[in-house]
$ cat protein_1.csv   # CSV, C-alpha atoms (C1' of nucleotides)
chain,number,residue,atom,x,y,z
A,1,MET,CA,13.2,-13.7,42.7
A,2,GLU,CA,15.7,-11.3,43.9
A,3,ASN,CA,14.9,-7.7,44.8
A,4,TYR,CA,14.6,-5.2,42.1
A,5,HIS,CA,14.0,-1.5,42.0
A,6,PRO,CA,12.8,0.3,38.9
A,7,ASP,CA,15.0,3.3,39.4
A,8,GLU,CA,18.1,3.3,37.2
A,9,CYS,CA,16.2,0.6,35.6
A,10,LEU,CA,18.0,-1.8,33.3
A,11,VAL,CA,15.0,-2.9,31.5
A,12,ASN,CA,15.4,-0.1,29.0
A,13,THR,CA,19.0,-1.0,28.4
A,14,ALA,CA,17.8,-4.6,28.2
A,15,LEU,CA,15.2,-3.7,25.6
A,16,ALA,CA,17.3,-1.3,23.6
A,17,PRO,CA,19.2,-4.1,21.8
A,18,ILE,CA,16.0,-6.0,20.9
A,19,ILE,CA,13.7,-3.1,20.2
A,20,GLY,CA,13.3,-2.1,16.6
A,21,LYS,CA,10.4,-3.3,14.6
A,22,TRP,CA,12.0,-6.4,13.4
A,23,LYS,CA,14.9,-7.3,15.7
A,24,VAL,CA,13.2,-10.0,17.8
A,25,LEU,CA,11.7,-11.5,14.7
A,26,ILE,CA,15.1,-11.7,13.1
A,27,LEU,CA,16.6,-13.3,16.2
A,28,LEU,CA,13.8,-15.8,16.3
A,29,HIS,CA,14.3,-16.8,12.7
A,30,ILE,CA,18.0,-17.2,13.2
A,31,ASP,CA,17.5,-19.1,16.3
A,32,TYR,CA,14.9,-21.4,14.7
A,33,HIS,CA,17.1,-22.3,11.8
A,34,THR,CA,20.4,-22.1,13.8
A,35,THR,CA,22.0,-20.4,10.8
A,36,LEU,CA,20.6,-18.3,8.0
A,37,ARG,CA,22.0,-16.5,5.0
A,38,PHE,CA,21.1,-13.0,4.1
A,39,ASN,CA,18.6,-13.7,1.3
A,40,GLU,CA,17.1,-16.6,3.3
A,41,LEU,CA,16.3,-14.0,6.0
A,42,ARG,CA,14.7,-11.7,3.4
A,43,ARG,CA,12.5,-14.5,2.2
A,44,ALA,CA,11.6,-15.5,5.7
A,45,ILE,CA,10.5,-11.9,6.5
A,46,PRO,CA,9.1,-10.7,3.2
A,47,ASP,CA,7.9,-7.4,4.5
A,48,ILE,CA,11.3,-6.1,5.6
A,49,THR,CA,13.4,-3.9,3.3
A,50,GLN,CA,16.9,-5.1,2.8
A,51,ARG,CA,18.1,-1.7,3.9
A,52,VAL,CA,16.4,-2.2,7.2
A,53,LEU,CA,17.4,-5.8,7.4
A,54,THR,CA,21.0,-4.9,6.9
A,55,ALA,CA,20.9,-2.1,9.4
A,56,HIS,CA,19.3,-4.4,12.1
A,57,LEU,CA,21.8,-7.1,11.4
A,58,ARG,CA,24.6,-4.7,11.9
A,59,GLU,CA,23.2,-3.5,15.2
A,60,LEU,CA,22.6,-6.9,16.5
A,61,GLU,CA,26.2,-7.8,15.5
A,62,GLN,CA,27.6,-4.8,17.3
A,63,GLU,CA,25.8,-5.8,20.4
A,64,HIS,CA,27.4,-9.3,20.1
A,65,LEU,CA,24.0,-11.0,19.9
A,66,ILE,CA,24.6,-12.5,16.5
A,67,GLU,CA,27.7,-13.6,14.5
A,68,ARG,CA,28.3,-12.8,10.9
A,69,ARG,CA,30.5,-15.2,9.0
A,70,VAL,CA,31.6,-14.6,5.4
A,71,PHE,CA,32.6,-17.4,3.0
A,72,GLY,CA,34.3,-15.4,0.3
A,73,GLN,CA,35.3,-17.9,-2.3
A,74,GLY,CA,33.3,-17.9,-5.5
A,75,ARG,CA,29.9,-16.3,-5.0
A,76,PRO,CA,29.5,-14.2,-1.9
A,77,LYS,CA,28.0,-16.1,1.0
A,78,VAL,CA,27.2,-14.8,4.4
A,79,GLU,CA,25.8,-16.7,7.3
A,80,TYR,CA,24.2,-15.3,10.4
A,81,SER,CA,23.8,-17.2,13.7
A,82,LEU,CA,23.2,-16.5,17.3
A,83,SER,CA,26.4,-15.7,19.2
A,84,GLU,CA,27.1,-17.5,22.5
A,85,HIS,CA,25.9,-14.4,24.3
A,86,GLY,CA,22.9,-14.1,22.1
A,87,GLN,CA,21.7,-17.5,23.2
A,88,THR,CA,21.1,-16.2,26.6
A,89,LEU,CA,18.2,-14.4,25.1
A,90,GLN,CA,16.5,-17.6,24.0
A,91,PRO,CA,14.4,-18.2,27.1
A,92,ILE,CA,13.1,-14.6,27.0
A,93,LEU,CA,12.3,-14.9,23.3
A,94,ARG,CA,10.4,-18.0,23.8
A,95,GLN,CA,8.5,-16.7,26.8
A,96,LEU,CA,7.6,-13.7,24.7
A,97,HIS,CA,6.4,-16.0,22.0
A,98,ALA,CA,4.2,-17.9,24.5
A,99,TRP,CA,3.0,-14.7,26.1
A,100,GLY,CA,2.1,-13.3,22.7
A,101,LYS,CA,-0.1,-16.3,22.1
A,102,ALA,CA,-1.8,-16.0,25.4
A,103,HIS,CA,-2.3,-12.3,25.0
A,104,HIS,CA,-3.7,-12.8,21.5
A,105,ALA,CA,-6.2,-15.4,22.8
A,106,TYR,CA,-7.1,-13.1,25.7
A,107,LEU,CA,-7.9,-10.2,23.4
A,108,ALA,CA,-9.9,-12.4,21.1
A,109,ALA,CA,-12.0,-13.7,24.0
A,110,GLN,CA,-12.4,-10.1,25.3
A,111,GLN,CA,-13.6,-9.1,21.9
A,112,GLN,CA,-16.6,-11.5,22.0
A,113,LYS,CA,-18.0,-10.2,25.2
B,1,MET,CA,9.7,-26.0,25.5
B,2,GLU,CA,6.9,-26.6,23.0
B,3,ASN,CA,7.5,-26.3,19.3
B,4,TYR,CA,7.4,-22.8,17.8
B,5,HIS,CA,7.7,-21.4,14.4
B,6,PRO,CA,8.6,-17.8,13.6
B,7,ASP,CA,6.2,-17.5,10.8
B,8,GLU,CA,3.0,-15.6,11.7
B,9,CYS,CA,5.1,-14.9,14.7
B,10,LEU,CA,3.4,-13.7,17.7
B,11,VAL,CA,6.4,-12.1,19.2
B,12,ASN,CA,5.6,-8.9,17.5
B,13,THR,CA,2.1,-8.9,18.7
B,14,ALA,CA,3.6,-9.8,22.1
B,15,LEU,CA,6.0,-6.9,22.0
B,16,ALA,CA,3.6,-4.3,20.5
B,17,PRO,CA,1.9,-3.6,23.8
B,18,ILE,CA,5.1,-3.1,25.7
B,19,ILE,CA,7.1,-1.3,23.1
B,20,GLY,CA,7.2,2.4,23.4
B,21,LYS,CA,10.1,4.1,25.0
B,22,TRP,CA,8.6,4.1,28.5
B,23,LYS,CA,6.0,1.4,28.7
B,24,VAL,CA,8.0,-1.3,30.4
B,25,LEU,CA,9.4,1.2,32.8
B,26,ILE,CA,5.9,2.3,33.7
B,27,LEU,CA,4.8,-1.3,34.1
B,28,LEU,CA,7.7,-2.0,36.4
B,29,HIS,CA,7.0,1.0,38.6
B,30,ILE,CA,3.4,0.2,38.9
B,31,ASP,CA,4.3,-3.4,39.7
B,32,TYR,CA,6.9,-2.4,42.2
B,33,HIS,CA,4.5,-0.1,44.2
B,34,THR,CA,1.4,-2.2,43.5
B,35,THR,CA,-0.5,0.9,42.9
B,36,LEU,CA,0.5,4.4,41.9
B,37,ARG,CA,-1.2,7.7,41.3
B,38,PHE,CA,-0.6,9.8,38.2
B,39,ASN,CA,1.8,12.4,39.7
B,40,GLU,CA,3.6,9.7,41.7
B,41,LEU,CA,4.4,8.1,38.3
B,42,ARG,CA,5.6,11.5,37.0
B,43,ARG,CA,7.9,11.8,40.0
B,44,ALA,CA,9.1,8.3,39.6
B,45,ILE,CA,10.0,8.8,36.0
B,46,PRO,CA,11.1,12.5,35.9
B,47,ASP,CA,12.2,12.5,32.3
B,48,ILE,CA,8.8,11.6,30.8
B,49,THR,CA,6.4,14.3,29.7
B,50,GLN,CA,2.9,14.1,31.0
B,51,ARG,CA,1.6,14.1,27.5
B,52,VAL,CA,3.5,11.0,26.8
B,53,LEU,CA,2.8,9.4,30.2
B,54,THR,CA,-0.9,9.9,29.6
B,55,ALA,CA,-0.8,8.5,26.2
B,56,HIS,CA,1.1,5.4,27.3
B,57,LEU,CA,-1.2,4.8,30.2
B,58,ARG,CA,-4.2,5.0,27.9
B,59,GLU,CA,-2.6,2.4,25.6
B,60,LEU,CA,-1.7,0.1,28.4
B,61,GLU,CA,-5.2,0.4,29.7
B,62,GLN,CA,-6.7,-0.4,26.3
B,63,GLU,CA,-4.7,-3.5,26.1
B,64,HIS,CA,-6.0,-4.5,29.5
B,65,LEU,CA,-2.6,-4.6,31.1
B,66,ILE,CA,-3.3,-1.9,33.7
B,67,GLU,CA,-6.4,-0.7,35.5
B,68,ARG,CA,-7.3,2.9,36.1
B,69,ARG,CA,-9.5,3.7,39.1
B,70,VAL,CA,-10.9,7.1,39.8
B,71,PHE,CA,-11.9,8.3,43.2
B,72,GLY,CA,-13.8,11.4,42.4
B,73,GLN,CA,-14.9,12.9,45.7
B,74,GLY,CA,-13.1,16.1,46.6
B,75,ARG,CA,-9.8,16.5,44.8
B,76,PRO,CA,-9.4,14.2,41.8
B,77,LYS,CA,-7.5,11.0,42.5
B,78,VAL,CA,-6.6,8.3,40.1
B,79,GLU,CA,-4.9,5.1,40.8
B,80,TYR,CA,-3.1,2.8,38.4
B,81,SER,CA,-2.4,-0.9,39.1
B,82,LEU,CA,-1.6,-4.0,37.1
B,83,SER,CA,-4.7,-5.8,35.9
B,84,GLU,CA,-5.0,-9.5,36.5
B,85,HIS,CA,-4.0,-10.1,32.9
B,86,GLY,CA,-1.1,-7.6,33.2
B,87,GLN,CA,0.4,-9.6,36.0
B,88,THR,CA,1.1,-12.4,33.6
B,89,LEU,CA,3.8,-10.1,32.3
B,90,GLN,CA,5.7,-10.0,35.6
B,91,PRO,CA,8.0,-13.0,35.0
B,92,ILE,CA,9.0,-11.6,31.6
B,93,LEU,CA,9.6,-8.1,33.0
B,94,ARG,CA,11.8,-9.4,35.7
B,95,GLN,CA,13.7,-11.7,33.4
B,96,LEU,CA,14.3,-8.7,31.2
B,97,HIS,CA,15.5,-6.9,34.2
B,98,ALA,CA,17.9,-9.6,35.0
B,99,TRP,CA,19.1,-10.0,31.4
B,100,GLY,CA,19.6,-6.3,31.2
B,101,LYS,CA,22.0,-6.5,34.1
B,102,ALA,CA,23.9,-9.4,32.6
B,103,HIS,CA,24.1,-7.8,29.2
B,104,HIS,CA,25.3,-4.6,30.8
B,105,ALA,CA,28.1,-6.5,32.6
B,106,TYR,CA,28.9,-8.4,29.5
B,107,LEU,CA,29.4,-5.2,27.4
B,108,ALA,CA,31.4,-3.7,30.2
B,109,ALA,CA,33.7,-6.7,30.3
B,110,GLN,CA,33.9,-6.6,26.5
B,111,GLN,CA,34.9,-3.0,26.6
B,112,GLN,CA,38.0,-3.7,28.7
B,113,LYS,CA,39.6,-6.1,26.3
C,1,DC,C1',24.4,-12.9,-3.6
C,2,DA,C1',24.8,-9.5,-0.3
C,3,DG,C1',24.8,-5.6,0.1
C,4,DC,C1',25.6,0.3,-0.3
C,5,DA,C1',23.8,5.1,-1.6
C,6,DT,C1',20.0,8.4,-1.8
C,7,DC,C1',15.9,10.4,-1.0
C,8,DC,C1',11.7,10.6,1.5
C,9,DT,C1',7.7,9.8,4.7
C,10,DC,C1',5.4,9.6,8.8
C,11,DG,C1',4.4,9.1,13.4
C,12,DC,C1',6.5,8.8,18.1
C,13,DG,C1',7.8,11.4,21.4
C,14,DG,C1',8.9,16.2,23.2
C,15,DA,C1',7.7,21.3,24.6
C,16,DT,C1',4.5,24.5,26.1
C,17,DA,C1',0.2,26.4,27.6
C,18,DC,C1',-4.3,25.8,29.4
C,19,DT,C1',-8.4,23.4,32.4
C,20,DG,C1',-12.2,20.9,35.3
D,1,DC,C1',-4.5,16.8,40.9
D,2,DA,C1',-4.9,14.8,36.6
D,3,DG,C1',-5.2,15.7,32.9
D,4,DT,C1',-6.4,18.2,27.5
D,5,DA,C1',-4.9,21.0,23.4
D,6,DT,C1',-1.5,22.5,19.9
D,7,DC,C1',2.5,22.7,17.6
D,8,DC,C1',6.8,20.6,16.2
D,9,DG,C1',11.3,18.2,15.4
D,10,DC,C1',13.7,14.2,14.5
D,11,DG,C1',15.0,9.8,13.4
D,12,DA,C1',13.5,5.0,12.4
D,13,DG,C1',11.9,2.9,8.8
D,14,DG,C1',10.5,2.6,3.7
D,15,DA,C1',11.2,3.0,-1.7
D,16,DT,C1',14.2,2.7,-5.4
D,17,DG,C1',18.4,2.2,-8.0
D,18,DC,C1',23.1,0.6,-8.3
D,19,DT,C1',27.4,-2.6,-7.4
D,20,DG,C1',31.6,-5.9,-6.3
$ encode --input "protein_1.csv" --output "structure tokens"
Amino acid sequence: MENYHPDECLVNTALAPIIGKWKVLILLHIDYHTTLRFNELRRAIPDITQRVLTAHLRELEQEHLIERRVFGQGRPKVEYSLSEHGQTLQPILRQLHAWGKAHHAYLAAQQQK
Amino acid sequence: MENYHPDECLVNTALAPIIGKWKVLILLHIDYHTTLRFNELRRAIPDITQRVLTAHLRELEQEHLIERRVFGQGRPKVEYSLSEHGQTLQPILRQLHAWGKAHHAYLAAQQQK
DNA sequence: CAGCATCCTCGCGGATACTG
DNA sequence: CAGTATCCGCGAGGATGCTG
């Protein structure tokens, strides 16, 4: 692991795009299904408001982490998918997923003592 | 990579302990110096208020990510360090660090087009 | 279906002053 | 040195209604 120094730390700039109560969850769902439509995402994350969902999708799009494709003919249809650059987040997302599990188990075990 | 499913996702529970504007930065500093005293942390992160620093340290402690040791004799002296469990976060922290750099470079390159 | 427009709440984080 | 104790502002997120 190369040297690192916390000053002028980029972790905050690294986290900024994925912080926000739902962003990582959105990314994971899109990743998991490869591509998702707007209302599919709403159903997948029932507790999110569409106002917030829209806002987060816009931000993720502006940071080039996801791509938004519109198929206009007939009924509106919009598909979201991870951008090429967004895919670089995959390993981190999955590590977080794994760590979350471990952390959860750890806290549960701690509780019983 | 083992199978994962975003429902009942643990990423949020994984992120919860490390979200908060400064938490990751605090963890990185403690990690980098192995052990740090309260005012050393304040100096290391000048923009943080001690109210907020205290609050975050307490939360990180409650989640067993850091350890707080008091050396009471004479002048008060408190040392913070990563707990054993907190060390499991190291790889993720450093990956975030690396990804932050890459993302930063990516956005900069994007800007020039 | 995929949003936009408003209005509102609430709690994180900040500022300042004080203490064992 | 390592914190409490108050007070406060602001902005992310929520609720509801409407639209091309």
$ interface_residues --input "protein_1.csv" --of "chain B" --to "chain D" --cutoff "9 Å" --atoms "all atoms listed in the file" --output "PyMOL selection string"
chain B and resi 38-39+50-51+54+75-78
$ calpha_fit_and_write --input "protein_1.csv" --fixed "chain A" --moving "chain B" --output "short mmCIF file (atom, residue, chain, number, x, y, z; two decimals) with C-alpha atoms, keeping the file's coordinate frame"
data_model
loop_
_atom_site.label_atom_id
_atom_site.label_comp_id
_atom_site.auth_asym_id
_atom_site.auth_seq_id
_atom_site.Cartn_x
_atom_site.Cartn_y
_atom_site.Cartn_z
CA MET B 1 13.16 -13.74 42.62
CA GLU B 2 15.87 -11.38 43.86
CA ASN B 3 15.06 -7.85 44.87
CA TYR B 4 14.80 -5.27 42.08
CA HIS B 5 14.21 -1.63 41.93
CA PRO B 6 12.98 0.26 38.87
CA ASP B 7 15.20 3.17 39.39
CA GLU B 8 18.28 3.20 37.11
CA CYS B 9 16.29 0.45 35.57
CA LEU B 10 18.04 -1.84 33.33
CA VAL B 11 15.00 -2.94 31.49
CA ASN B 12 15.45 -0.22 29.02
CA THR B 13 19.00 -1.08 28.40
CA ALA B 14 17.75 -4.69 28.19
CA LEU B 15 15.12 -3.81 25.64
CA ALA B 16 17.22 -1.35 23.56
CA PRO B 17 19.03 -4.09 21.69
CA ILE B 18 15.90 -5.96 20.77
CA ILE B 19 13.63 -3.06 20.07
CA GLY B 20 13.25 -2.12 16.50
CA LYS B 21 10.31 -3.28 14.54
CA TRP B 22 11.98 -6.45 13.26
CA LYS B 23 14.80 -7.34 15.58
CA VAL B 24 13.11 -9.99 17.66
CA LEU B 25 11.64 -11.52 14.58
CA ILE B 26 15.08 -11.74 13.04
CA LEU B 27 16.49 -13.23 16.22
CA LEU B 28 13.78 -15.84 16.27
CA HIS B 29 14.34 -16.86 12.67
CA ILE B 30 18.01 -17.13 13.11
CA ASP B 31 17.44 -19.15 16.28
CA TYR B 32 14.90 -21.37 14.64
CA HIS B 33 17.21 -22.30 11.67
CA THR B 34 20.43 -22.10 13.69
CA THR B 35 22.04 -20.36 10.87
CA LEU B 36 20.71 -18.33 7.98
CA ARG B 37 22.10 -16.54 4.98
CA PHE B 38 21.18 -12.97 4.09
CA ASN B 39 18.65 -13.70 1.29
CA GLU B 40 17.18 -16.62 3.25
CA LEU B 41 16.34 -14.01 5.95
CA ARG B 42 14.80 -11.75 3.27
CA ARG B 43 12.65 -14.64 2.11
CA ALA B 44 11.71 -15.52 5.60
CA ILE B 45 10.59 -12.04 6.40
CA PRO B 46 9.19 -10.80 3.02
CA ASP B 47 7.91 -7.50 4.30
CA ILE B 48 11.29 -6.13 5.45
CA THR B 49 13.41 -4.02 3.15
CA GLN B 50 16.97 -5.04 2.69
CA ARG B 51 18.09 -1.65 3.80
CA VAL B 52 16.41 -2.17 7.06
CA LEU B 53 17.41 -5.85 7.37
CA THR B 54 21.02 -4.84 6.89
CA ALA B 55 20.86 -2.11 9.35
CA HIS B 56 19.28 -4.32 12.01
CA LEU B 57 21.76 -7.08 11.46
CA ARG B 58 24.62 -4.62 11.87
CA GLU B 59 23.12 -3.45 15.18
CA LEU B 60 22.55 -6.91 16.45
CA GLU B 61 26.08 -7.77 15.52
CA GLN B 62 27.46 -4.73 17.33
CA GLU B 63 25.71 -5.72 20.43
CA HIS B 64 27.26 -9.15 20.15
CA LEU B 65 23.97 -10.95 19.90
CA ILE B 66 24.58 -12.44 16.44
CA GLU B 67 27.66 -13.50 14.53
CA ARG B 68 28.29 -12.79 10.89
CA ARG B 69 30.57 -15.18 9.00
CA VAL B 70 31.73 -14.60 5.48
CA PHE B 71 32.80 -17.32 3.15
CA GLY B 72 34.40 -15.39 0.39
CA GLN B 73 35.54 -17.91 -2.19
CA GLY B 74 33.54 -17.82 -5.40
CA ARG B 75 30.13 -16.25 -4.97
CA PRO B 76 29.76 -14.23 -1.77
CA LYS B 77 28.17 -16.09 1.11
CA VAL B 78 27.37 -14.81 4.51
CA GLU B 79 25.97 -16.66 7.38
CA TYR B 80 24.24 -15.30 10.45
CA SER B 81 23.88 -17.25 13.73
CA LEU B 82 23.23 -16.46 17.37
CA SER B 83 26.40 -15.70 19.28
CA GLU B 84 27.03 -17.47 22.54
CA HIS B 85 25.90 -14.36 24.38
CA GLY B 86 22.82 -14.03 22.10
CA GLN B 87 21.64 -17.44 23.12
CA THR B 88 21.04 -16.17 26.60
CA LEU B 89 18.10 -14.39 25.04
CA GLN B 90 16.37 -17.60 23.94
CA PRO B 91 14.29 -18.21 27.10
CA ILE B 92 13.01 -14.63 26.99
CA LEU B 93 12.20 -14.82 23.27
CA ARG B 94 10.26 -17.96 23.70
CA GLN B 95 8.43 -16.71 26.75
CA LEU B 96 7.48 -13.69 24.71
CA HIS B 97 6.29 -16.00 22.08
CA ALA B 98 4.17 -17.83 24.49
CA TRP B 99 2.82 -14.67 26.15
CA GLY B 100 2.01 -13.29 22.77
CA LYS B 101 -0.21 -16.26 22.12
CA ALA B 102 -1.95 -15.96 25.46
CA HIS B 103 -2.45 -12.25 25.12
CA HIS B 104 -3.82 -12.78 21.64
CA ALA B 105 -6.36 -15.31 22.99
CA TYR B 106 -7.16 -13.09 25.87
CA LEU B 107 -8.03 -10.09 23.60
CA ALA B 108 -10.00 -12.38 21.36
CA ALA B 109 -12.04 -13.64 24.28
CA GLN B 110 -12.44 -10.05 25.48
CA GLN B 111 -13.72 -9.02 22.12
CA GLN B 112 -16.64 -11.47 22.26
CA LYS B 113 -18.17 -10.13 25.42
#
$ interface_residues --input "protein_1.csv" --of "chain C" --to "chain A" --cutoff "8 Å" --atoms "all atoms listed in the file" --output "ChimeraX atom specification"
/C:1-3
$ write_last_selection --input "protein_1.csv" --atoms "C-alpha atoms (C1' of nucleotides)" --output "PDB file, in the frame of the given file"
ATOM      1  C1'  DC C   1      24.400 -12.900  -3.600  1.00  0.00           C
ATOM      2  C1'  DA C   2      24.800  -9.500  -0.300  1.00  0.00           C
ATOM      3  C1'  DG C   3      24.800  -5.600   0.100  1.00  0.00           C
TER       4       DG C   3
END
$ residues_around --input "protein_1.csv" --residues "Val11 of chain B" --least-positions-apart "4" --cutoff "12 Å" --atoms "only C-alpha atoms (C1' of nucleotides)" --output "JSON, numbers by chain"
{"A": [18, 19, 21, 22, 23, 24, 25, 26, 27, 28, 29, 92, 93, 94, 95, 96, 97, 98, 99, 100, 101, 102, 103, 104], "B": [4, 5, 6, 7, 15, 16, 17, 18, 19]}
$ write_last_selection --input "protein_1.csv" --atoms "C-alpha atoms" --output "tab-separated table (two decimals), keeping the file's coordinate frame"
chain	number	residue	atom	x	y	z
A	18	ILE	CA	16.00	-6.00	20.90
A	19	ILE	CA	13.70	-3.10	20.20
A	21	LYS	CA	10.40	-3.30	14.60
A	22	TRP	CA	12.00	-6.40	13.40
A	23	LYS	CA	14.90	-7.30	15.70
A	24	VAL	CA	13.20	-10.00	17.80
A	25	LEU	CA	11.70	-11.50	14.70
A	26	ILE	CA	15.10	-11.70	13.10
A	27	LEU	CA	16.60	-13.30	16.20
A	28	LEU	CA	13.80	-15.80	16.30
A	29	HIS	CA	14.30	-16.80	12.70
A	92	ILE	CA	13.10	-14.60	27.00
A	93	LEU	CA	12.30	-14.90	23.30
A	94	ARG	CA	10.40	-18.00	23.80
A	95	GLN	CA	8.50	-16.70	26.80
A	96	LEU	CA	7.60	-13.70	24.70
A	97	HIS	CA	6.40	-16.00	22.00
A	98	ALA	CA	4.20	-17.90	24.50
A	99	TRP	CA	3.00	-14.70	26.10
A	100	GLY	CA	2.10	-13.30	22.70
A	101	LYS	CA	-0.10	-16.30	22.10
A	102	ALA	CA	-1.80	-16.00	25.40
A	103	HIS	CA	-2.30	-12.30	25.00
A	104	HIS	CA	-3.70	-12.80	21.50
B	4	TYR	CA	7.40	-22.80	17.80
B	5	HIS	CA	7.70	-21.40	14.40
B	6	PRO	CA	8.60	-17.80	13.60
B	7	ASP	CA	6.20	-17.50	10.80
B	15	LEU	CA	6.00	-6.90	22.00
B	16	ALA	CA	3.60	-4.30	20.50
B	17	PRO	CA	1.90	-3.60	23.80
B	18	ILE	CA	5.10	-3.10	25.70
B	19	ILE	CA	7.10	-1.30	23.10
$ closest_atom_pairs --input "protein_1.csv" --of "segment 43-99 of chain B" --to "segment 8-19 of chain C" --cutoff "10 Å" --atoms "only C-alpha atoms (C1' of nucleotides)" --output "JSON lines"
{"residue": "B:Ile48", "atom": "CA", "partner": "C:DG14", "partner_atom": "C1'", "distance": 8.9}
{"residue": "B:Thr49", "atom": "CA", "partner": "C:DG14", "partner_atom": "C1'", "distance": 7.2}
{"residue": "B:Arg51", "atom": "CA", "partner": "C:DG14", "partner_atom": "C1'", "distance": 8.7}
{"residue": "B:Val52", "atom": "CA", "partner": "C:DG13", "partner_atom": "C1'", "distance": 6.9}
$ write_last_selection --input "protein_1.csv" --atoms "C-alpha atoms" --output "short mmCIF file (atom, residue, chain, number, x, y, z; two decimals), in the coordinates of the input"
data_model
loop_
_atom_site.label_atom_id
_atom_site.label_comp_id
_atom_site.auth_asym_id
_atom_site.auth_seq_id
_atom_site.Cartn_x
_atom_site.Cartn_y
_atom_site.Cartn_z
CA ILE B 48 8.80 11.60 30.80
CA THR B 49 6.40 14.30 29.70
CA ARG B 51 1.60 14.10 27.50
CA VAL B 52 3.50 11.00 26.80
#
$ closest_residue --input "protein_1.csv" --among "B:Arg42, B:His56, B:His85, B:Arg68" --to "chain A" --atoms "all atoms listed in the file"
B:His85
$ atom_distance --input "protein_1.csv" --atom1 "atom CA of Tyr80 of chain A" --atom2 "atom CA of Gln112 of chain B"
25.7 Å
$ atom_distance --input "protein_1.csv" --atom1 "atom CA of Leu53 of chain B" --atom2 "atom CA of Thr13 of chain A"
19.3 Å
$ atom_distance --input "protein_1.csv" --atom1 "atom CA of Ser83 of chain B" --atom2 "atom CA of Leu65 of chain B"
5.4 Å
$ residues_near_point --input "protein_1.csv" --point "(-0.5, -9.1, 37.4)" --cutoff "12 Å" --atoms "only C-alpha atoms (C1' of nucleotides)" --output "JSON, numbers by chain"
{"B": [27, 28, 30, 31, 32, 34, 35, 64, 65, 66, 67, 81, 82, 83, 84, 85, 86, 87, 88, 89, 90, 91, 92, 93]}
$ write_last_selection --input "protein_1.csv" --atoms "C-alpha atoms" --output "PDB file, keeping the file's coordinate frame"
ATOM      1  CA  LEU B  27       4.800  -1.300  34.100  1.00  0.00           C
ATOM      2  CA  LEU B  28       7.700  -2.000  36.400  1.00  0.00           C
ATOM      3  CA  ILE B  30       3.400   0.200  38.900  1.00  0.00           C
ATOM      4  CA  ASP B  31       4.300  -3.400  39.700  1.00  0.00           C
ATOM      5  CA  TYR B  32       6.900  -2.400  42.200  1.00  0.00           C
ATOM      6  CA  THR B  34       1.400  -2.200  43.500  1.00  0.00           C
ATOM      7  CA  THR B  35      -0.500   0.900  42.900  1.00  0.00           C
ATOM      8  CA  HIS B  64      -6.000  -4.500  29.500  1.00  0.00           C
ATOM      9  CA  LEU B  65      -2.600  -4.600  31.100  1.00  0.00           C
ATOM     10  CA  ILE B  66      -3.300  -1.900  33.700  1.00  0.00           C
ATOM     11  CA  GLU B  67      -6.400  -0.700  35.500  1.00  0.00           C
ATOM     12  CA  SER B  81      -2.400  -0.900  39.100  1.00  0.00           C
ATOM     13  CA  LEU B  82      -1.600  -4.000  37.100  1.00  0.00           C
ATOM     14  CA  SER B  83      -4.700  -5.800  35.900  1.00  0.00           C
ATOM     15  CA  GLU B  84      -5.000  -9.500  36.500  1.00  0.00           C
ATOM     16  CA  HIS B  85      -4.000 -10.100  32.900  1.00  0.00           C
ATOM     17  CA  GLY B  86      -1.100  -7.600  33.200  1.00  0.00           C
ATOM     18  CA  GLN B  87       0.400  -9.600  36.000  1.00  0.00           C
ATOM     19  CA  THR B  88       1.100 -12.400  33.600  1.00  0.00           C
ATOM     20  CA  LEU B  89       3.800 -10.100  32.300  1.00  0.00           C
ATOM     21  CA  GLN B  90       5.700 -10.000  35.600  1.00  0.00           C
ATOM     22  CA  PRO B  91       8.000 -13.000  35.000  1.00  0.00           C
ATOM     23  CA  ILE B  92       9.000 -11.600  31.600  1.00  0.00           C
ATOM     24  CA  LEU B  93       9.600  -8.100  33.000  1.00  0.00           C
TER      25      LEU B  93
END
$ axis_aligned_box --input "protein_1.csv" --around "segment 1-15 of chain C" --padding-each-side "5 Å" --output "JSON"
{"center_x": 15.0, "center_y": 4.2, "center_z": 10.5, "size_x": 31.2, "size_y": 44.2, "size_z": 38.2}
